[in-house]
Amino acid sequence: MRVYIIVAAVFWCGYVDSRKVRGISSSYKRFYRERKSFLCIDGSRMIPFEQVNDDYCDCEDGSDEPGTSACPHGRFYCTNLGFRPHYIPSSRVNDGICDCCDASDEYNSHTRCQNTCWNLGQRERAYVEGQMRTLDEGLRLKQQLIEEGVLLWREKQAQLRELQQVAEDLQVKLEEHRRKKHEADRLKEQTLKALEAGNSGLIRHQNSSVTSIFHLLDTNKDGSLTVDEIKAKVVLVHDEQRVLSEGEALALLDRGHRMDLSKFQSTLWDVLTRGDTVKIKDTQGAPGSLSSEDPHLKAADKAAEWEATNLKKVEEAYETVNMEISDLQKKLAIDYGTDWEFLFLNGQCYKLKVYEYTYTLCPFNQVTQKSTAGVEVSLG
């Protein structure tokens, strides 16, 4: 009889111990230390400790029945050793359905649950290891892209500095060519003013011969000057707009209707040289005119055209370099606000075909959609 009492006492102690710890996580065990009384976790009520897990709900928060289904709002903690622990509603305890992989929720039912936590844990650990390998590979690729991005950024910075140096050099050349063009234009203007100062000045300035002036006046090149040729090429100093009369032209021809070179040299040449009454009409730029045949004017005009051409070339080169600098600065402005690992994507484009559409994604730029019919639409 005494043996039966001892066995019954041991069984009861084991039952009380299992009863009080079942359905509790390690973080909550401090509330369930065996003592004379138990304080509901919400502080609403004090009950005898023997009423914990007695399958009767005493606390409003259900904290006195963590291992039974007595409380409607209670929670049962699945330890699930080898897998993830979690809570289930206490209403599922001993309901004949295995909710915990360690079968701890069906401790007092007729259902035979298998402990599958180890197998589930193995699968999850394999999955996590695969995820970690993927993460490691992603981090490696990220580091690679960061390094490539740094190199790309440095290359762009070096390119920008090089272009800026080229722009500075072109700026110096531009100022020099502007100065040269200004001097060439000024020399041309001075030459033109000298030509307009009068025939005697013109002749002396260009050191023209009697023959060249005679040939200039001799329009039809027949070796003699006529009244019509004098009227066409000679004007009065004080009234350049008025055409000489026939009588005035005859007077210059020494009352003759024609004048050869020898007579021209002894008569009309002296009148033109003095430049006080008549002069050769100003026909700048016209073929055969005195101005167009002046070697100094030709040289000045050629120099002005040469400097204008050079200036235009330098201006075009300077404008082109500045456009390249502006484009590169815009790219760098995007890059400054971008993480290093994404710099490599700048300037890249990727295509994706979905059914009848082909999508083109260019990071930091645009996205387009193109159908098989060839119609392309911008998506942003």
# chains A, B, ... in the order shown; residues from 1 in each chain; ligands from 1

$ select_by_dssp --residues "range 112-258 of chain A" --states "strand (DSSP E)" --output "list in words"
Leu225, Thr226, Val234, Val235, Leu236 and Arg258 of chain A

$ residues_around --residues "Glu248 in chain A" --least-positions-apart "4" --cutoff "12 Å" --atoms "only C-alpha atoms" --output "ChimeraX atom specification"
/A:227-228,230-231,234-236,242-244,252-257,277-278

$ write_last_selection --atoms "N, CA, C and O atoms" --output "JSON list (two decimals), in the first residue's frame"
[["chain", "number", "residue", "atom", "x", "y", "z"],
["A", 227, "VAL", "N", 35.49, 110.22, -125.36],
["A", 227, "VAL", "CA", 34.64, 111.07, -124.52],
["A", 227, "VAL", "C", 33.80, 110.20, -123.59],
["A", 227, "VAL", "O", 33.66, 110.49, -122.39],
["A", 228, "ASP", "N", 33.20, 109.13, -124.12],
["A", 228, "ASP", "CA", 32.35, 108.25, -123.30],
["A", 228, "ASP", "C", 33.15, 107.60, -122.18],
["A", 228, "ASP", "O", 32.65, 107.43, -121.05],
["A", 230, "ILE", "N", 35.87, 108.78, -120.70],
["A", 230, "ILE", "CA", 36.19, 109.81, -119.70],
["A", 230, "ILE", "C", 34.95, 110.09, -118.85],
["A", 230, "ILE", "O", 35.03, 110.21, -117.62],
["A", 231, "LYS", "N", 33.78, 110.22, -119.50],
["A", 231, "LYS", "CA", 32.56, 110.49, -118.76],
["A", 231, "LYS", "C", 32.22, 109.34, -117.80],
["A", 231, "LYS", "O", 31.65, 109.54, -116.72],
["A", 234, "VAL", "N", 35.71, 109.40, -114.99],
["A", 234, "VAL", "CA", 36.26, 110.59, -114.34],
["A", 234, "VAL", "C", 35.12, 111.46, -113.83],
["A", 234, "VAL", "O", 34.09, 111.62, -114.51],
["A", 235, "VAL", "N", 35.27, 112.00, -112.61],
["A", 235, "VAL", "CA", 34.26, 112.88, -112.01],
["A", 235, "VAL", "C", 34.94, 114.11, -111.44],
["A", 235, "VAL", "O", 36.17, 114.14, -111.24],
["A", 236, "LEU", "N", 34.13, 115.16, -111.20],
["A", 236, "LEU", "CA", 34.64, 116.37, -110.57],
["A", 236, "LEU", "C", 34.87, 116.12, -109.09],
["A", 236, "LEU", "O", 34.11, 115.41, -108.43],
["A", 242, "ARG", "N", 27.68, 113.94, -110.12],
["A", 242, "ARG", "CA", 27.27, 114.43, -111.45],
["A", 242, "ARG", "C", 28.18, 113.88, -112.54],
["A", 242, "ARG", "O", 29.40, 113.82, -112.39],
["A", 243, "VAL", "N", 27.55, 113.43, -113.65],
["A", 243, "VAL", "CA", 28.31, 112.92, -114.80],
["A", 243, "VAL", "C", 28.85, 114.10, -115.61],
["A", 243, "VAL", "O", 28.15, 115.10, -115.81],
["A", 244, "LEU", "N", 30.10, 113.98, -116.01],
["A", 244, "LEU", "CA", 30.70, 115.05, -116.81],
["A", 244, "LEU", "C", 29.91, 115.27, -118.09],
["A", 244, "LEU", "O", 29.40, 114.33, -118.71],
["A", 252, "LEU", "N", 39.04, 117.74, -121.13],
["A", 252, "LEU", "CA", 40.06, 116.86, -120.53],
["A", 252, "LEU", "C", 40.85, 116.12, -121.60],
["A", 252, "LEU", "O", 42.03, 115.78, -121.40],
["A", 253, "LEU", "N", 40.20, 115.88, -122.75],
["A", 253, "LEU", "CA", 40.91, 115.20, -123.85],
["A", 253, "LEU", "C", 41.67, 116.20, -124.73],
["A", 253, "LEU", "O", 42.09, 115.86, -125.84],
["A", 254, "ASP", "N", 41.82, 117.43, -124.19],
["A", 254, "ASP", "CA", 42.55, 118.47, -124.90],
["A", 254, "ASP", "C", 41.86, 118.79, -126.22],
["A", 254, "ASP", "O", 42.50, 118.96, -127.27],
["A", 255, "ARG", "N", 40.49, 118.87, -126.14],
["A", 255, "ARG", "CA", 39.62, 119.24, -127.27],
["A", 255, "ARG", "C", 39.64, 118.21, -128.37],
["A", 255, "ARG", "O", 39.11, 118.45, -129.44],
["A", 256, "GLY", "N", 40.19, 117.04, -128.14],
["A", 256, "GLY", "CA", 40.19, 116.01, -129.18],
["A", 256, "GLY", "C", 39.21, 114.92, -128.80],
["A", 256, "GLY", "O", 38.84, 114.74, -127.63],
["A", 257, "HIS", "N", 38.77, 114.16, -129.77],
["A", 257, "HIS", "CA", 37.81, 113.10, -129.49],
["A", 257, "HIS", "C", 38.51, 111.83, -129.03],
["A", 257, "HIS", "O", 37.85, 110.92, -128.51],
["A", 277, "THR", "N", 40.85, 119.18, -109.31],
["A", 277, "THR", "CA", 39.63, 119.45, -110.09],
["A", 277, "THR", "C", 38.85, 118.17, -110.41],
["A", 277, "THR", "O", 37.63, 118.12, -110.24],
["A", 278, "VAL", "N", 39.56, 117.17, -110.92],
["A", 278, "VAL", "CA", 38.91, 115.91, -111.28],
["A", 278, "VAL", "C", 39.67, 114.74, -110.66],
["A", 278, "VAL", "O", 40.84, 114.87, -110.27]]

$ closest_residue --among "A:Met46, A:Leu141, A:Val52, A:Leu311" --to "Tyr32 in chain A" --atoms "only C-alpha atoms"
A:Val52

$ atom_distance --atom1 "CA of Lys193 in chain A" --atom2 "CA of Glu229 in chain A"
25.4 Å

$ closest_residue --among "A:Ser25, A:Gln131, A:Ser44, A:Ser63" --to "Asn80 in chain A" --atoms "only C-alpha atoms"
A:Ser25
